[in-house]
Each structure stands twice: as C-alpha cells, then as structure tokens.
file target-v5.txt (compact mmCIF, C-alpha atoms and all ligand atoms)
# COMPACT_ATOMS: atom_id res chain seq x y z
CA MET A 1 128.38 96.28 107.32
CA ASP A 2 130.15 93.24 108.70
CA GLY A 3 129.78 90.09 106.61
CA SER A 4 126.35 88.78 105.74
CA ARG A 5 124.43 90.41 108.59
CA GLY A 6 125.27 94.11 108.49
CA ASN A 7 124.21 96.28 111.43
CA LEU A 8 121.30 94.07 112.43
CA PRO A 9 120.04 93.11 115.90
CA ALA A 10 121.11 89.66 117.14
CA GLY A 11 118.79 86.65 117.12
CA LEU A 12 116.76 87.42 114.00
CA ARG A 13 114.75 84.44 112.75
CA GLY A 14 115.51 84.53 109.04
CA ASP A 15 118.22 82.67 107.12
CA TYR A 16 120.55 85.59 106.33
CA ALA A 17 123.26 83.28 105.02
CA ALA A 18 120.92 82.40 102.12
CA ALA A 19 120.63 86.07 101.12
CA GLY A 20 122.77 87.86 98.54
CA PRO A 21 124.74 91.09 99.01
CA ASP A 22 121.52 93.10 98.52
CA PHE A 23 119.88 90.87 101.17
CA THR A 24 117.40 89.34 98.71
CA LEU A 25 116.82 85.59 98.33
CA PRO A 26 114.54 83.41 96.17
CA GLN A 27 111.02 83.16 97.64
CA ASP A 28 110.58 79.48 96.61
CA TRP A 29 106.77 79.70 96.79
CA ALA A 30 106.35 75.94 96.13
CA ALA A 31 108.19 75.17 99.38
CA TYR A 32 105.56 76.66 101.72
CA PRO A 33 103.85 73.85 103.66
CA PRO A 34 100.01 73.76 103.85
CA ALA A 35 100.23 74.94 107.48
CA ASP A 36 101.79 78.24 106.31
CA HIS A 37 98.98 78.82 103.82
CA ALA A 38 96.47 78.03 106.57
CA THR A 39 98.10 80.58 108.91
CA TRP A 40 98.03 83.17 106.14
CA ARG A 41 94.30 82.50 105.48
CA ARG A 42 93.45 82.82 109.20
CA LEU A 43 95.24 86.17 109.42
CA TYR A 44 93.73 87.33 106.13
CA ALA A 45 90.17 86.44 107.20
CA ARG A 46 90.56 88.21 110.55
CA GLN A 47 92.00 91.40 109.09
CA THR A 48 89.74 91.68 106.03
CA ALA A 49 86.70 91.58 108.34
CA LEU A 50 87.88 94.93 109.78
CA LEU A 51 88.68 96.65 106.49
CA PRO A 52 85.25 97.90 105.36
CA ARG A 53 84.85 100.01 108.51
CA HIS A 54 88.45 100.93 109.31
CA ALA A 55 90.72 100.81 106.25
CA ALA A 56 91.50 103.57 103.76
CA ALA A 57 89.84 103.26 100.36
CA ALA A 58 93.22 103.05 98.56
CA PHE A 59 94.24 100.12 100.76
CA ARG A 60 91.03 98.22 100.02
CA ALA A 61 91.31 99.00 96.30
CA GLY A 62 94.96 97.82 96.27
CA LEU A 63 94.12 94.59 98.06
CA ALA A 64 91.34 93.93 95.54
CA ARG A 65 93.91 94.17 92.71
CA LEU A 66 96.15 91.56 94.37
CA ASP A 67 95.23 87.90 94.69
CA PHE A 68 96.05 87.50 98.39
CA ALA A 69 93.04 85.56 99.70
CA THR A 70 93.94 81.97 98.89
CA GLY A 71 97.22 81.64 100.79
CA VAL A 72 100.78 82.91 101.02
CA PRO A 73 101.18 85.20 97.97
CA ASP A 74 103.52 84.29 95.12
CA PHE A 75 105.82 87.33 94.82
CA ALA A 76 106.32 86.87 91.07
CA GLN A 77 102.57 87.06 90.50
CA ALA A 78 102.07 89.93 92.96
CA SER A 79 104.95 91.87 91.36
CA ALA A 80 103.38 91.56 87.92
CA ARG A 81 100.17 93.15 89.25
CA LEU A 82 102.04 95.79 91.22
CA ARG A 83 104.28 96.72 88.28
CA ALA A 84 101.15 97.30 86.17
CA ALA A 85 99.87 99.75 88.80
CA THR A 86 102.95 101.77 89.85
CA GLY A 87 106.10 100.06 88.57
CA TRP A 88 106.97 98.54 91.96
CA ALA A 89 107.99 94.92 92.61
CA LEU A 90 108.41 92.70 95.68
CA VAL A 91 111.74 91.19 96.63
CA ALA A 92 112.02 88.37 99.19
CA VAL A 93 114.30 88.99 102.17
CA PRO A 94 115.08 86.93 105.31
CA GLY A 95 113.65 89.66 107.59
CA LEU A 96 114.80 93.10 108.75
CA ILE A 97 117.76 94.23 106.62
CA PRO A 98 120.34 96.98 107.21
CA GLU A 99 118.99 100.47 106.60
CA ASP A 100 121.23 101.25 103.64
CA ALA A 101 120.11 98.09 101.81
CA PHE A 102 116.48 98.86 102.70
CA PHE A 103 116.67 102.41 101.37
CA ALA A 104 118.42 101.25 98.18
CA HIS A 105 115.56 98.84 97.43
CA LEU A 106 112.88 101.49 98.03
CA ALA A 107 114.75 103.97 95.82
CA ALA A 108 114.65 101.34 93.04
CA ARG A 109 110.92 100.65 93.61
CA ARG A 110 111.54 97.23 95.14
CA PHE A 111 109.69 96.53 98.39
CA PRO A 112 111.54 94.05 100.67
CA VAL A 113 109.09 91.39 101.93
CA THR A 114 110.04 88.86 104.60
CA HIS A 115 109.57 85.39 103.12
CA TRP A 116 108.62 83.42 106.29
CA ILE A 117 105.30 83.48 108.16
CA ARG A 118 104.71 83.50 111.94
CA ARG A 119 103.85 80.32 113.85
CA PRO A 120 100.18 79.70 114.78
CA GLU A 121 100.91 80.52 118.44
CA GLU A 122 102.19 83.98 117.34
CA LEU A 123 98.97 84.93 115.59
CA ASP A 124 98.26 87.97 117.77
CA TYR A 125 101.73 89.39 118.19
CA ILE A 126 105.09 88.94 116.59
CA VAL A 127 108.28 90.87 117.28
CA GLU A 128 109.78 90.85 113.78
CA PRO A 129 107.78 91.73 110.67
CA ASP A 130 106.78 88.50 108.88
CA ILE A 131 105.31 88.00 105.38
CA PHE A 132 101.81 88.87 106.58
CA HIS A 133 102.90 92.22 108.02
CA ASP A 134 104.95 93.06 104.92
CA ALA A 135 102.81 91.65 102.10
CA PHE A 136 99.32 92.23 103.53
CA GLY A 137 100.23 95.39 105.46
CA HIS A 138 102.50 97.24 103.06
CA VAL A 139 101.96 96.04 99.48
CA PRO A 140 98.31 97.05 98.77
CA LEU A 141 99.06 100.75 99.26
CA LEU A 142 101.97 100.53 96.77
CA THR A 143 99.26 100.46 94.09
CA GLN A 144 98.38 104.05 95.07
CA PRO A 145 100.49 106.30 92.77
CA ALA A 146 101.04 109.26 95.16
CA PHE A 147 102.00 106.95 98.04
CA ALA A 148 104.30 104.91 95.76
CA ARG A 149 106.03 108.12 94.62
CA PHE A 150 106.48 109.14 98.25
CA LEU A 151 108.08 105.82 99.22
CA GLU A 152 110.48 105.96 96.28
CA ALA A 153 111.46 109.54 97.22
CA TYR A 154 111.79 108.38 100.83
CA GLY A 155 114.25 105.66 99.79
CA ARG A 156 116.31 108.17 97.82
CA LEU A 157 116.71 110.26 100.99
CA GLY A 158 118.33 107.37 102.88
CA GLU A 159 121.83 108.09 101.63
CA THR A 160 121.59 111.80 102.52
CA ALA A 161 120.17 110.99 105.96
CA ALA A 162 123.01 108.54 106.65
CA ARG A 163 125.60 111.09 105.51
CA ILE A 164 124.29 113.88 107.80
CA GLY A 165 123.63 111.61 110.79
CA ALA A 166 119.84 111.94 110.55
CA LEU A 167 118.74 108.31 110.20
CA GLN A 168 116.67 108.57 113.37
CA PRO A 169 114.38 111.38 112.14
CA LEU A 170 114.04 109.53 108.81
CA ALA A 171 113.08 106.35 110.65
CA ARG A 172 110.44 108.32 112.61
CA LEU A 173 108.87 109.48 109.34
CA TYR A 174 108.62 105.85 108.18
CA TRP A 175 107.31 104.65 111.53
CA HIS A 176 104.59 107.26 111.89
CA MET A 177 103.54 107.71 108.25
CA VAL A 178 104.20 104.32 106.61
CA GLU A 179 103.57 101.99 109.56
CA PHE A 180 100.97 103.95 111.56
CA GLY A 181 99.45 106.58 109.28
CA LEU A 182 95.77 107.58 109.29
CA ILE A 183 93.94 109.43 106.54
CA ARG A 184 90.73 111.44 106.77
CA GLU A 185 88.20 110.36 104.15
CA ALA A 186 84.78 112.03 103.89
CA GLY A 187 85.22 113.26 107.47
CA ALA A 188 85.99 109.80 108.85
CA LEU A 189 89.35 108.53 110.14
CA ARG A 190 90.67 105.58 108.15
CA ALA A 191 93.89 103.57 108.61
CA TYR A 192 96.41 103.11 105.81
CA GLY A 193 99.52 102.24 107.89
CA ALA A 194 100.85 98.69 107.57
CA GLY A 195 101.51 98.35 111.28
CA ILE A 196 97.86 99.18 111.92
CA LEU A 197 96.21 97.12 109.19
CA SER A 198 98.25 93.96 109.86
CA SER A 199 97.12 93.97 113.52
CA SER A 200 93.51 93.61 114.67
CA ALA A 201 94.17 95.24 118.06
CA GLU A 202 95.94 98.24 116.51
CA THR A 203 93.27 98.65 113.81
CA LEU A 204 90.54 99.17 116.42
CA HIS A 205 92.74 101.25 118.75
CA ALA A 206 93.98 103.58 116.00
CA THR A 207 90.67 104.40 114.34
CA ALA A 208 88.10 103.93 117.09
CA GLY A 209 89.98 103.97 120.43
CA ALA A 210 89.40 106.88 122.83
CA ALA A 211 92.93 106.81 124.23
CA PRO A 212 95.31 107.85 121.44
CA ARG A 213 96.20 111.41 120.52
CA ARG A 214 95.42 112.02 116.82
CA LEU A 215 97.22 114.96 115.29
CA ARG A 216 97.17 116.62 111.87
CA PHE A 217 100.27 115.51 109.91
CA ASP A 218 103.10 118.05 110.31
CA VAL A 219 106.44 116.78 108.97
CA ARG A 220 108.54 118.77 111.46
CA ARG A 221 106.52 117.35 114.37
CA VAL A 222 106.78 113.77 113.02
CA LEU A 223 110.56 114.01 112.51
CA ARG A 224 110.98 114.78 116.24
CA SER A 225 108.40 112.28 117.56
CA ASP A 226 109.81 109.23 119.32
CA TYR A 227 107.78 106.03 119.45
CA PHE A 228 107.31 102.69 121.20
CA ILE A 229 108.10 99.66 119.03
CA ASP A 230 106.34 97.09 121.19
CA ASP A 231 103.07 98.66 122.27
CA LEU A 232 99.95 100.26 120.79
CA GLN A 233 100.82 103.74 119.57
CA PRO A 234 99.81 106.64 121.90
CA THR A 235 99.92 109.16 119.03
CA TYR A 236 98.80 108.90 115.38
CA PHE A 237 99.25 111.44 112.60
CA VAL A 238 96.50 112.12 110.07
CA ILE A 239 96.89 113.16 106.43
CA ASP A 240 94.18 114.43 104.09
CA ASP A 241 95.85 113.18 100.90
CA TYR A 242 98.76 110.84 100.07
CA ALA A 243 100.31 113.73 98.10
CA ASP A 244 100.87 115.41 101.52
CA LEU A 245 103.55 112.77 102.14
CA PHE A 246 105.33 113.27 98.83
CA ASP A 247 105.20 117.07 99.28
CA ALA A 248 106.86 116.66 102.69
CA THR A 249 109.90 114.98 101.08
CA GLN A 250 110.65 118.00 98.89
CA ASP A 251 112.70 119.95 101.45
CA LEU A 252 113.43 117.00 103.72
CA PRO A 253 117.27 117.23 103.83
CA ALA A 254 117.05 120.59 105.64
CA LEU A 255 114.25 119.35 107.92
CA LEU A 256 116.20 116.18 108.75
CA ALA A 257 119.19 118.23 109.92
CA GLU A 258 116.89 120.48 111.99
CA ALA A 259 115.21 117.45 113.61
CA ARG A 260 118.58 115.77 114.21
CA ASP A 261 119.59 118.76 116.37
CA ALA A 262 116.23 119.23 118.12
CA ALA A 263 115.03 117.63 121.37
CA PRO A 264 112.92 114.52 120.65
CA ILE A 265 109.24 114.59 121.64
CA PRO A 266 108.50 111.60 123.91
CA PRO A 267 105.88 109.04 122.76
CA GLY A 268 102.36 110.25 123.58
CA ALA A 269 103.48 113.74 124.70
CA ALA A 270 101.80 116.95 123.51
CA ALA A 271 103.91 119.61 121.75
CA PRO A 272 103.35 123.30 120.92
CA GLY A 273 101.48 123.71 117.63
CA ASP A 274 99.81 120.30 117.73
CA GLN A 275 96.51 120.31 115.82
CA PRO A 276 94.25 117.57 117.23
CA VAL A 277 92.02 115.76 114.74
CA THR A 278 88.72 114.45 116.02
N1 LIG B 1 114.11 95.90 106.77
N2 LIG B 1 113.03 94.13 105.72
C1 LIG B 1 112.96 95.33 106.33
N3 LIG B 1 111.78 95.93 106.50
C2 LIG B 1 111.67 97.14 107.11
O1 LIG B 1 110.56 97.69 107.24
C3 LIG B 1 112.84 97.77 107.56
C4 LIG B 1 114.07 97.12 107.37
N4 LIG B 1 115.20 97.70 107.82
C5 LIG B 1 115.23 98.98 108.45
C6 LIG B 1 113.88 99.56 108.64
N5 LIG B 1 112.78 98.99 108.18
C7 LIG B 1 113.69 100.85 109.39
O2 LIG B 1 114.83 101.17 110.14
C8 LIG B 1 113.35 101.98 108.44
O3 LIG B 1 113.00 103.10 109.21
C9 LIG B 1 114.52 102.30 107.60
FE FE B 2 106.51 97.43 108.19
call {"tool": "encode", "arguments": {"input": "target-v5.txt", "output": "structure tokens"}}
result
Amino acid sequence: MDGSRGNLPAGLRGDYAAAGPDFTLPQDWAAYPPADHATWRRLYARQTALLPRHAAAAFRAGLARLDFATGVPDFAQASARLRAATGWALVAVPGLIPEDAFFAHLAARRFPVTHWIRRPEELDYIVEPDIFHDAFGHVPLLTQPAFARFLEAYGRLGETAARIGALQPLARLYWHMVEFGLIREAGALRAYGAGILSSSAETLHATAGAAPRRLRFDVRRVLRSDYFIDDLQPTYFVIDDYADLFDATQDLPALLAEARDAAPIPPGAAAPGDQPVT
C-alpha cells in the first residue's frame, strides 16, 4: 500500500488523510448537519416500506434491534446493540478501503461503515457505498449469528486469498452472497443482500422482477461468476439457510485456487449444473 490511500481507485469522496493506518476515523456523530439526518430519514422511509414484502426475516429482526429510524445512526450506540447480539462492532471509515484492511476488520468482527451520506440529488443512485448502504444495508444482518460467523470466517480467508492470487473469486463470493444474496423463506424469495435492500429499484427487481436468473447457491458457481458493478444484477443466488454460507467457507482455500484457474462465467450467462429457483 502506498501512503494513506493504499490500492484504491482515484477520486474517492472520503477524507482518507483523516484515517489511521487501519483506515478508521472518529465518526463525530454530533457534526452531522440536520440535512444529513433528513436525507437518512428519507432513504429509511422509502426502504422500510418495501421490507415487509421483500426482506428476509433476519434482516427485519436485526433492524428492529437497532435504533436507525430517527436519523444518521450513532456508531457507538449501534455497536453496543450489535455486540450484545453477535460480538460485532461498527468502525467508521472514509469509504472503500484496501482489501487487506477490509478483510482484517471483518476477521476481527469490526464492520467498516462509511461515515458520510449521499447528497439529496444522489438519492436513487450513488457510485460509492455511503453510510446508508453500509449501515442500513449491511449492519442489521450482522445480528444473525450464522451470517455473522460466515462474515468473520470470510475475513479470515482474505490473507490466504491474497497469498494464492485468488482475491477475485473471494470478491465474487462477497458480491453475490453479501451484497446480492436471496434466501428462500416458507417457499417465498426474500432479499438479505445489502446491495439489494439499500436500493428500492434492486429490491423490486431481485425479488419480484421477471428478468433475472435466480439460481440455487453453489459456492463453486459463485466463485466463477463475474458481475456488473453499475447495473441491476442479471443473476441472483438463493440460499435456504445462512449456515449454507458458513459451511461454504470450510474448504474455501482449495475452491478459491480452483476458481482462480477456471474460466469466469460472464454476468447473466447460464452454466452447466445451474439449478434455477422459481
Ligand atoms: N471497503 N469500506 C469498504 N467496504 C467494502 O464493502 C469493501 C471495501 N474494500 C474492498 C471491498 N469491499 C471488496 O473488494 C470486497 O470484495 C473485499
Ligand atoms: Fe456493501
């Protein structure tokens, strides 16, 4: 990593100079202007309207344990509630951080949460994850023990993946199963992925849209599946239980090496062995 930015894309919005060597910085909750709290409340109202019909039960239960309705969450308060549930805490970061720092935080049960919020004119789409994507999208599910254990195990695999040149397959697992995962509950498809639940368009597309391919979660298939970062997903993977994710990490080093050497599957393409979920 070079200096204070590491291997990050250029032009990121956050104040990386204010971050420490682990890329965390103080949240300074008192410094948020009323306009930021108002933006948070608008996003929160829009997304929570979709949850009863489209969100996984564990997401809704996690959100109910956190006090996120009144405005930008105070990470110290949210961490106290999260620690009581699964031992996880939030740490404030200026935005995307280098992969090795990200993995190290997950392995230590610290979830990096961007501390700034989007501008009102960015309500429907934002390129970089902001505090609404990270805190509203990711944190509620960290109260679910099996998912929390998976994410900690995922973080621990970062070092191995970097050593064997398999960061791309590991990133695909995060993208498909942490950002865009679906779960089947009582025969219905529900969203638990943060990238889905922090976006109203993606929430409807993922769970109710006719277009996307929905496939039964298969870790080998996911590790080879490329994805678009700036469009609705053409393919979603469906689990039956959060323990399926933790189980998939058990022999991941071997699977990562296999996926590293295999041909990627293009976004939206079909592959032999796919098991569609209706
Ligand atoms: N940094 N803050 C932050 N949040 C992320 O979700 C994140 C990151 N850095 C890297 C990254 N995600 C992805 O490359 C993961 O697949 C590792
Ligand atoms: Fe995310």
call {"tool": "residues_near_ligand", "arguments": {"input": "target-v5.txt", "ligand": "ligand FE 2 (chain B)", "cutoff": "6 Å", "atoms": "all atoms listed in the file", "output": "PyMOL selection string"}}
result
chain A and resi 134+179+194-195
call {"tool": "residues_near_ligand", "arguments": {"input": "target-v5.txt", "ligand": "ligand LIG 1 (chain B)", "cutoff": "8 Å", "atoms": "all atoms listed in the file", "output": "VMD selection string"}}
result
chain A and resid 93 to 103 112 to 114 129 134 158 167 to 168 170 to 175
call {"tool": "write_last_selection", "arguments": {"input": "target-v5.txt", "atoms": "C-alpha atoms", "output": "JSON list (two decimals), in the frame of the given file"}}
result
[["chain", "number", "residue", "atom", "x", "y", "z"],
["A", 93, "VAL", "CA", 114.30, 88.99, 102.17],
["A", 94, "PRO", "CA", 115.08, 86.93, 105.31],
["A", 95, "GLY", "CA", 113.65, 89.66, 107.59],
["A", 96, "LEU", "CA", 114.80, 93.10, 108.75],
["A", 97, "ILE", "CA", 117.76, 94.23, 106.62],
["A", 98, "PRO", "CA", 120.34, 96.98, 107.21],
["A", 99, "GLU", "CA", 118.99, 100.47, 106.60],
["A", 100, "ASP", "CA", 121.23, 101.25, 103.64],
["A", 101, "ALA", "CA", 120.11, 98.09, 101.81],
["A", 102, "PHE", "CA", 116.48, 98.86, 102.70],
["A", 103, "PHE", "CA", 116.67, 102.41, 101.37],
["A", 112, "PRO", "CA", 111.54, 94.05, 100.67],
["A", 113, "VAL", "CA", 109.09, 91.39, 101.93],
["A", 114, "THR", "CA", 110.04, 88.86, 104.60],
["A", 129, "PRO", "CA", 107.78, 91.73, 110.67],
["A", 134, "ASP", "CA", 104.95, 93.06, 104.92],
["A", 158, "GLY", "CA", 118.33, 107.37, 102.88],
["A", 167, "LEU", "CA", 118.74, 108.31, 110.20],
["A", 168, "GLN", "CA", 116.67, 108.57, 113.37],
["A", 170, "LEU", "CA", 114.04, 109.53, 108.81],
["A", 171, "ALA", "CA", 113.08, 106.35, 110.65],
["A", 172, "ARG", "CA", 110.44, 108.32, 112.61],
["A", 173, "LEU", "CA", 108.87, 109.48, 109.34],
["A", 174, "TYR", "CA", 108.62, 105.85, 108.18],
["A", 175, "TRP", "CA", 107.31, 104.65, 111.53]]
call {"tool": "residues_around", "arguments": {"input": "target-v5.txt", "residues": "Tyr32 of chain A", "least_positions_apart": "2", "cutoff": "10 Å", "atoms": "only C-alpha atoms", "output": "list in words"}}
result
Gln27, Asp28, Trp29, Ala30, Pro34, Ala35, Asp36, His37, Gly71, Val72, His115, Trp116 and Ile117 of chain A
call {"tool": "write_last_selection", "arguments": {"input": "target-v5.txt", "atoms": "C-alpha atoms", "output": "mmCIF file, in the coordinates of the input"}}
result
data_model
loop_
_atom_site.group_PDB
_atom_site.id
_atom_site.type_symbol
_atom_site.label_atom_id
_atom_site.label_comp_id
_atom_site.auth_asym_id
_atom_site.auth_seq_id
_atom_site.Cartn_x
_atom_site.Cartn_y
_atom_site.Cartn_z
ATOM 1 C CA GLN A 27 111.020 83.160 97.640
ATOM 2 C CA ASP A 28 110.580 79.480 96.610
ATOM 3 C CA TRP A 29 106.770 79.700 96.790
ATOM 4 C CA ALA A 30 106.350 75.940 96.130
ATOM 5 C CA PRO A 34 100.010 73.760 103.850
ATOM 6 C CA ALA A 35 100.230 74.940 107.480
ATOM 7 C CA ASP A 36 101.790 78.240 106.310
ATOM 8 C CA HIS A 37 98.980 78.820 103.820
ATOM 9 C CA GLY A 71 97.220 81.640 100.790
ATOM 10 C CA VAL A 72 100.780 82.910 101.020
ATOM 11 C CA HIS A 115 109.570 85.390 103.120
ATOM 12 C CA TRP A 116 108.620 83.420 106.290
ATOM 13 C CA ILE A 117 105.300 83.480 108.160
#
call {"tool": "closest_atom_pairs", "arguments": {"input": "target-v5.txt", "of": "segment 230-261 of chain A", "to": "segment 54-59 of chain A", "cutoff": "12 Å", "atoms": "all atoms listed in the file", "output": "JSON lines"}}
result
{"residue": "A:Val238", "atom": "CA", "partner": "A:Ala56", "partner_atom": "CA", "distance": 11.7}
{"residue": "A:Ile239", "atom": "CA", "partner": "A:Ala56", "partner_atom": "CA", "distance": 11.3}
{"residue": "A:Asp240", "atom": "CA", "partner": "A:Ala56", "partner_atom": "CA", "distance": 11.2}
{"residue": "A:Asp241", "atom": "CA", "partner": "A:Ala58", "partner_atom": "CA", "distance": 10.7}
{"residue": "A:Tyr242", "atom": "CA", "partner": "A:Ala58", "partner_atom": "CA", "distance": 9.7}
call {"tool": "write_last_selection", "arguments": {"input": "target-v5.txt", "atoms": "C-alpha atoms", "output": "PDB file, in the frame of the given file"}}
result
ATOM      1  CA  VAL A 238      96.500 112.120 110.070  1.00  0.00           C
ATOM      2  CA  ILE A 239      96.890 113.160 106.430  1.00  0.00           C
ATOM      3  CA  ASP A 240      94.180 114.430 104.090  1.00  0.00           C
ATOM      4  CA  ASP A 241      95.850 113.180 100.900  1.00  0.00           C
ATOM      5  CA  TYR A 242      98.760 110.840 100.070  1.00  0.00           C
TER       6      TYR A 242
END
call {"tool": "residues_around", "arguments": {"input": "target-v5.txt", "residues": "Phe68 of chain A", "least_positions_apart": "3", "cutoff": "12 Å", "atoms": "only C-alpha atoms", "output": "NGL selection string"}}
result
:A and (37 or 40-41 or 43-45 or 48 or 60 or 62-65 or 71-75 or 77-78 or 81 or 131-132 or 135-137 or 139-140)
call {"tool": "closest_residue", "arguments": {"input": "target-v5.txt", "among": "A:Ala271, A:Ala166, A:Asp124, A:Leu256", "to": "Glu202 of chain A", "atoms": "all atoms listed in the file"}}
result
A:Asp124
call {"tool": "closest_residue", "arguments": {"input": "target-v5.txt", "among": "A:Leu141, A:Arg110, A:Phe217, A:Asp226", "to": "Ile183 of chain A", "atoms": "all atoms listed in the file"}}
result
A:Phe217
call {"tool": "atom_distance", "arguments": {"input": "target-v5.txt", "atom1": "atom CA of Ala84 of chain A", "atom2": "atom CA of Arg149 of chain A"}}
result
14.6 Å
call {"tool": "atom_distance", "arguments": {"input": "target-v5.txt", "atom1": "atom CA of Leu255 of chain A", "atom2": "atom CA of Leu106 of chain A"}}
result
20.5 Å
call {"tool": "decode", "arguments": {"input": "target-v5.txt", "residues": "segment 250-259 of chain A", "atoms": "all heavy atoms", "output": "JSON list (two decimals), in the first residue's frame"}}
result
[["chain", "number", "residue", "atom", "x", "y", "z"],
["A", 250, "GLN", "N", -15.73, -23.63, 4.62],
["A", 250, "GLN", "CA", -14.91, -24.64, 5.29],
["A", 250, "GLN", "C", -13.80, -25.17, 4.38],
["A", 250, "GLN", "O", -12.69, -25.37, 4.84],
["A", 250, "GLN", "CB", -15.78, -25.77, 5.84],
["A", 250, "GLN", "CG", -16.71, -25.26, 6.95],
["A", 250, "GLN", "CD", -16.00, -24.26, 7.88],
["A", 250, "GLN", "OE1", -15.19, -24.61, 8.71],
["A", 250, "GLN", "NE2", -16.28, -22.97, 7.75],
["A", 251, "ASP", "N", -14.08, -25.39, 3.08],
["A", 251, "ASP", "CA", -12.96, -25.85, 2.24],
["A", 251, "ASP", "C", -12.67, -24.80, 1.16],
["A", 251, "ASP", "O", -12.31, -25.12, 0.04],
["A", 251, "ASP", "CB", -13.26, -27.22, 1.63],
["A", 251, "ASP", "CG", -14.64, -27.24, 0.96],
["A", 251, "ASP", "OD1", -15.32, -26.17, 1.00],
["A", 251, "ASP", "OD2", -15.03, -28.27, 0.41],
["A", 252, "LEU", "N", -12.81, -23.53, 1.55],
["A", 252, "LEU", "CA", -12.70, -22.45, 0.55],
["A", 252, "LEU", "C", -11.29, -22.31, -0.04],
["A", 252, "LEU", "O", -11.17, -22.09, -1.25],
["A", 252, "LEU", "CB", -13.18, -21.12, 1.12],
["A", 252, "LEU", "CG", -13.80, -20.20, 0.07],
["A", 252, "LEU", "CD1", -14.96, -20.86, -0.66],
["A", 252, "LEU", "CD2", -14.26, -18.89, 0.66],
["A", 253, "PRO", "N", -10.21, -22.46, 0.73],
["A", 253, "PRO", "CA", -8.89, -22.27, 0.11],
["A", 253, "PRO", "C", -8.71, -23.11, -1.16],
["A", 253, "PRO", "O", -8.30, -22.58, -2.20],
["A", 253, "PRO", "CB", -7.91, -22.69, 1.21],
["A", 253, "PRO", "CG", -8.64, -22.35, 2.47],
["A", 253, "PRO", "CD", -10.10, -22.66, 2.18],
["A", 254, "ALA", "N", -9.14, -24.37, -1.12],
["A", 254, "ALA", "CA", -8.99, -25.23, -2.31],
["A", 254, "ALA", "C", -9.90, -24.73, -3.44],
["A", 254, "ALA", "O", -9.52, -24.66, -4.60],
["A", 254, "ALA", "CB", -9.34, -26.67, -1.95],
["A", 255, "LEU", "N", -11.12, -24.34, -3.06],
["A", 255, "LEU", "CA", -12.09, -23.87, -4.08],
["A", 255, "LEU", "C", -11.64, -22.55, -4.69],
["A", 255, "LEU", "O", -11.87, -22.29, -5.88],
["A", 255, "LEU", "CB", -13.47, -23.72, -3.43],
["A", 255, "LEU", "CG", -14.11, -25.00, -2.91],
["A", 255, "LEU", "CD1", -15.44, -24.69, -2.22],
["A", 255, "LEU", "CD2", -14.30, -26.00, -4.03],
["A", 256, "LEU", "N", -10.99, -21.70, -3.89],
["A", 256, "LEU", "CA", -10.51, -20.41, -4.41],
["A", 256, "LEU", "C", -9.45, -20.65, -5.49],
["A", 256, "LEU", "O", -9.47, -20.03, -6.56],
["A", 256, "LEU", "CB", -9.93, -19.55, -3.30],
["A", 256, "LEU", "CG", -10.92, -18.91, -2.34],
["A", 256, "LEU", "CD1", -10.19, -18.28, -1.15],
["A", 256, "LEU", "CD2", -11.76, -17.85, -3.05],
["A", 257, "ALA", "N", -8.55, -21.60, -5.22],
["A", 257, "ALA", "CA", -7.48, -21.88, -6.19],
["A", 257, "ALA", "C", -8.08, -22.45, -7.48],
["A", 257, "ALA", "O", -7.71, -22.05, -8.58],
["A", 257, "ALA", "CB", -6.49, -22.88, -5.59],
["A", 258, "GLU", "N", -9.08, -23.33, -7.31],
["A", 258, "GLU", "CA", -9.76, -23.93, -8.48],
["A", 258, "GLU", "C", -10.43, -22.83, -9.30],
["A", 258, "GLU", "O", -10.28, -22.75, -10.52],
["A", 258, "GLU", "CB", -10.80, -24.92, -7.94],
["A", 258, "GLU", "CG", -11.54, -25.77, -8.93],
["A", 258, "GLU", "CD", -12.67, -26.54, -8.21],
["A", 258, "GLU", "OE1", -12.34, -27.50, -7.45],
["A", 258, "GLU", "OE2", -13.84, -26.16, -8.36],
["A", 259, "ALA", "N", -11.11, -21.92, -8.62],
["A", 259, "ALA", "CA", -11.84, -20.84, -9.34],
["A", 259, "ALA", "C", -10.85, -19.87, -9.98],
["A", 259, "ALA", "O", -11.09, -19.34, -11.06],
["A", 259, "ALA", "CB", -12.75, -20.10, -8.36]]
